[in-house]
Each structure stands twice: as C-alpha cells, then as structure tokens.
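Before any comments, here is the structure.
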Amino acid sequence: MNIGILGAGTWGIALSKMLFECGYDITVWSAVSKEIDELNNSRIYKRLDDLRIPCGIKLTKCLEEACEGMDIILFAVPSVYVRSTASSAKGYITDDQIIVNLSKGIESGSLKTMTEVIADEMSLTEDARKRIVALSGPTHAEEVARSLPTTIVAACSDIDTGKKIQNAFSNEFFRVYTNTDVLGVEICGAVKNVIALAAGISEGLGYGDNAKAALITRGMSEISRLGKALGCDERTFYGLAGVGDLIVTATSRHSRNNKAGFLIGSGLSAAEAVEEVGMVVEGINALPAVIALASKYGVEMPISFAADKIINHGADPASSVKELMNRKTTYDV
C-alpha cells in the first residue's frame with residue numbers, strides 16, 4: 001500500500017514511522033523546502049526527541065509525488081493551511097483515493113470543519129465526500145513515535161471506508177475504532193483545544209487540581225452542548241474523540257495548548273506564549289470559530305468565552321476566573 005502524508009510536523013512524522021513499520025510505502029511532503037532538505041540530510045527529527053526517520057521513508061518537496069498513485073493521502077498540516085494545501089493538491093488527487101484528515105480545527109469565516117474544507121476546496125463528488133476520514137483522539141505524537149499504547153477514532157460517514165483505515169492502521173500498539181459521526185468527532189477535536197487552553201491558564205495562575213477537574217468536566221459539557229446543537233451524536237462526546245482527547249490535551253506535558261495556556265496564566269501575552277511553545281497552538285486558531293458557532297446557535301459556553309476574552313481581548317485571567325465562579329448557580333449537566 002502506498003501512503004502520502006502532506007505535512008512534516010510531529011504528527012505527520014510520527015505516523016510516517018508507524019505506518020512504514022507496518023510495511024507500507026510512505027512519502028512525506030512539506031511545503032517548507034528547507035525542512036525537507038534538513039531531514040533528508042540528517043534523517044533526525046529533533047522535535048520528537050531526535051527520532052531517527054527510517055531511510056525507506058521518502059521525504060519530498062514535490063506535492064505531486066506525495067499524491068499521485070497513493071492509496072491513502074493524509075492531511076497532516078495545521079488547520080490554517082488545510083484549505084491552501086487542498087487547493088494545491090486537488091489536481092493530483094482522484095476520487096478513488098482515500099483522504100484522511102489529521103488536523104483539528106474549525107475554519108474562521110466559513111465555520112467549516114477540516115473535512116468540510118477539504119471537500120469544498122477540492123470540489124469532490126458526493127460519493128467522494130462521504131469517504132473522507134477524520135482521524136482523531138487522544139494521540140500525542142511523542143508517544144506514537146515511541147510505540148506506546150494509543151487509541152484513536154477513524155470517523156467516516158461511509159463505514160466501509162472507516163473500516164479500511166481501521167484495518168490498515170491498527171497494530172499491536174495503535175488501536176483504531178470507527179465512528180460515523182464525522183462532525184461530532186471534528187467538533188470534539190477543535191473545541192477540546194480551547195478547553196485545554198483554559199486548563200493551562202488555570203494552572204499558570206497557581207490554581208490546583210480541583211480547578212482543573214472542574215474546567216475539564218464543565219468544558220466537556222460545553223463541547224457536548226455545541227455538538228448537540230449542530231446535530232451530532234451525543235455518544236461521540238463521551239468516547240475517545242471527546243472526553244478521551246480532552247483529558248490528554250488538558251493535562252499532558254506534551255500538550256501545546258495546555259502549555260500555551262499555562263504561559264498566558266503566568267503572565268505572557270498570547271503571542272509571547274505561542275512564540276515560547278514554538279509550534280502551532282490550534283486552540284488559539286479555533287477560538288474565533290468556536291465563539292462564532294456558539295453565538296450563532298445560542299449555545300452557552302462560558303469557559304470558551306472567558307478564554308476568548310483573555311486571549312483575544314486582553315482580559316485579566318484572574319478576574320476572568322472570578323467572573324466564572326460568580327456566575328448564577330445552576331444544575332450540573
């Protein structure tokens with residue numbers, strides 16, 4: 001099987017190693033020519049603890065090489081580059097190839113999820129749209145690269161395509177589940193990053209485990225409320241793509257969103273925090289769209305709105321927490 005991976009970030013490289021070790025022919029593309037040149041010269045990926053990239057993995061600057069003739073094409077670029085990547089790749093991708101999206105986000109303006117952006121930009125047939133897979137769950141690249149036990153969800157409205165990815169990607173340490181609620185899985189993947197930012201801010205302010213547990217639990221309520229307003233399956237939010245991914249993103253030392261939030265809670269601006277993290281912080285990218293969706297559908301999401309006020313409107317983090325605590329008391333749902 002031939003697999004093309006669009007994006008040479010931590011997740012794309014970690015999966016390239018795993019899939020190569022499954023016996024597949026892997027080609028990884030990056031739009032950053034310097035990045036490919038450096039990786040070809042060293043075969044070392046520093047952001048994954050100096051991971052050695054197997055010599056059999058092809059690293060290319062040619063998008064056509066990573067798309068044409070591939071059985072599966074993985075979109076592993078940051079969410080803000082999904083549309084431009086899809087636009088550039090559409091001339092090399094055919095309807096019979098399986099497209100798998102790894103990016104977690106919601107596009108500002110259009111309010112489309114990443115699989116919707118890909119389908120929209122590539123002008124796919126209705127049948128081809130149904131076969132786009134969203135791969136999401138509690139899956140830090142750092143652990144996948146080390147072959148540590150990991151579970152993930154392959155969401156696709158066409159269950160047969162979802163099962164193909166399940167069978168192709170599953171191995172002794174990487175277990176894949178299927179789900180047909182693509183929108184629900186993608187909403188979880190985007191909004192959990194916002195809640196993880198809030199959890200990090202809380203920790204940066206010096207608050208303890210009680211506060212973090214509250215943010216995770218009430219944050220899950222916000223995610224499920226938004227999902228239900230959009231017509232998603234409620235069960236999705238209490239599975240791997242929902243509560244599972246939220247837990248790992250809001251608590252792990254590997255989480256960029258949690259780290260960025262911690263730095264903001266410690267006194268840095270959002271821009272300074274992103275610079276310190278040194279990688280894309282998807283929760284910050286997702287915030288405008290999450291707020292727009294909540295406003296459009298009349299969904300109460302106080303934690304998300306507080307995070308937006310802090311990150312995008314200069315609100316004081318400690319004062320924002322006090323506002324959350326002093327809200328009108330309500331029933332725990």
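Chain labels run A, B, ... following the order of the structure tokens; each chain numbers its residues from 1, and ligands are numbered from 1 in the order shown.
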ask   = Leaving out Ser88 in chain A and any residue of its chain fewer than 6 positions from it, which residues lie within 12 Å of it when counting only C-alpha atoms, given as a PyMOL selection string?
value = chain A and resi 6+31+62-64+66-67+81-82+118+121-122
Grab the residues selected above and save them as a PDB file, in the first residue's frame with C-alpha atoms.
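Saved to selection14.pdb:
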ATOM      1  CA  LEU A   6       1.039  16.019   3.498  1.00  0.00           C
ATOM      2  CA  ALA A  31       5.762  22.977   1.725  1.00  0.00           C
ATOM      3  CA  CYS A  62       7.122  17.766  -4.716  1.00  0.00           C
ATOM      4  CA  LEU A  63       3.419  17.684  -3.859  1.00  0.00           C
ATOM      5  CA  GLU A  64       2.640  15.609  -6.934  1.00  0.00           C
ATOM      6  CA  ALA A  66       3.104  12.640  -2.417  1.00  0.00           C
ATOM      7  CA  CYS A  67      -0.339  12.428  -4.053  1.00  0.00           C
ATOM      8  CA  TYR A  81      -3.124  25.528   5.951  1.00  0.00           C
ATOM      9  CA  VAL A  82      -5.661  22.807   5.146  1.00  0.00           C
ATOM     10  CA  ILE A 118     -11.115  19.656   2.014  1.00  0.00           C
ATOM     11  CA  GLU A 121     -11.840  23.165  -1.882  1.00  0.00           C
ATOM     12  CA  MET A 122     -11.308  20.015  -3.937  1.00  0.00           C
TER      13      MET A 122
END
task = as a list of chain:residue names, list the residues of range 5-69 of chain A assigned to alpha helix (DSSP H) by DSSP on the backbone atoms of this structure.
result =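 Matching residues, listed in order: A:Thr10, A:Trp11, A:Gly12, A:Ile13, A:Ala14, A:Leu15, A:Ser16, A:Lys17, A:Met18, A:Leu19, A:Phe20, A:Glu21, A:Ser33, A:Lys34, A:Glu35, A:Ile36, A:Asp37, A:Glu38, A:Leu39, A:Asn40, A:Asn41, A:Ser42, A:Leu63, A:Glu64, A:Glu65, A:Ala66, A:Cys67.
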request  = Within 10 Å of Val117 in chain A, counting only C-alpha atoms, which residues show up once you throw out same-chain ones fewer than 4 positions away? Write them as a PyMOL selection string, please.
outcome  = chain A and resi 79+82-84+86-87+106-107+110-113+121-123
Write a file of the selected residues as a CSV table (one decimal), in the first residue's frame, keeping C-alpha atoms.
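Saved the output as again_29.csv:
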chain,number,residue,atom,x,y,z
A,79,SER,CA,-5.7,23.7,10.3
A,82,VAL,CA,-5.7,22.8,5.1
A,83,ARG,CA,-7.5,24.8,2.5
A,84,SER,CA,-4.4,26.0,0.7
A,86,ALA,CA,-6.2,21.0,-0.6
A,87,SER,CA,-6.2,23.7,-3.3
A,106,ILE,CA,-12.7,24.9,12.5
A,107,GLU,CA,-12.2,27.5,9.8
A,110,SER,CA,-16.8,29.7,6.8
A,111,LEU,CA,-17.2,27.8,10.2
A,112,LYS,CA,-16.4,24.6,8.3
A,113,THR,CA,-14.6,21.6,9.9
A,121,GLU,CA,-11.8,23.2,-1.9
A,122,MET,CA,-11.3,20.0,-3.9
A,123,SER,CA,-14.8,20.0,-5.5
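The residue set within 10 Å of Ser269 in chain A, counting only C-alpha atoms and dropping same-chain residues fewer than 6 places from it, reads A:Ala260, A:Gly261, A:Leu263, A:Glu275, A:Ile310, A:Ile311, A:Asn312, A:Gly314.
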Keeping only C-alpha atoms, write those residues as a CSV table (one decimal), in the first residue's frame.
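So the final result, stored in selection-v5.csv, reads:
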chain,number,residue,atom,x,y,z
A,260,ALA,CA,0.4,27.9,26.0
A,261,GLY,CA,-2.4,28.4,28.5
A,263,LEU,CA,2.3,30.6,30.0
A,275,GLU,CA,6.5,32.0,20.4
A,310,ILE,CA,-8.3,36.6,27.8
A,311,ILE,CA,-6.5,35.6,24.6
A,312,ASN,CA,-8.2,37.9,22.0
A,314,GLY,CA,-6.8,41.4,26.8
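The closest residue to Ala229 in chain A, picked from A:Lys259, A:Arg146, A:Lys296, A:Arg52 and counting only C-alpha atoms, is A:Lys296.
Across A:Cys55, A:Met18, A:Ile201, A:Val100, the tightest approach to Phe173 in chain A is made by A:Met18 when counting only C-alpha atoms.
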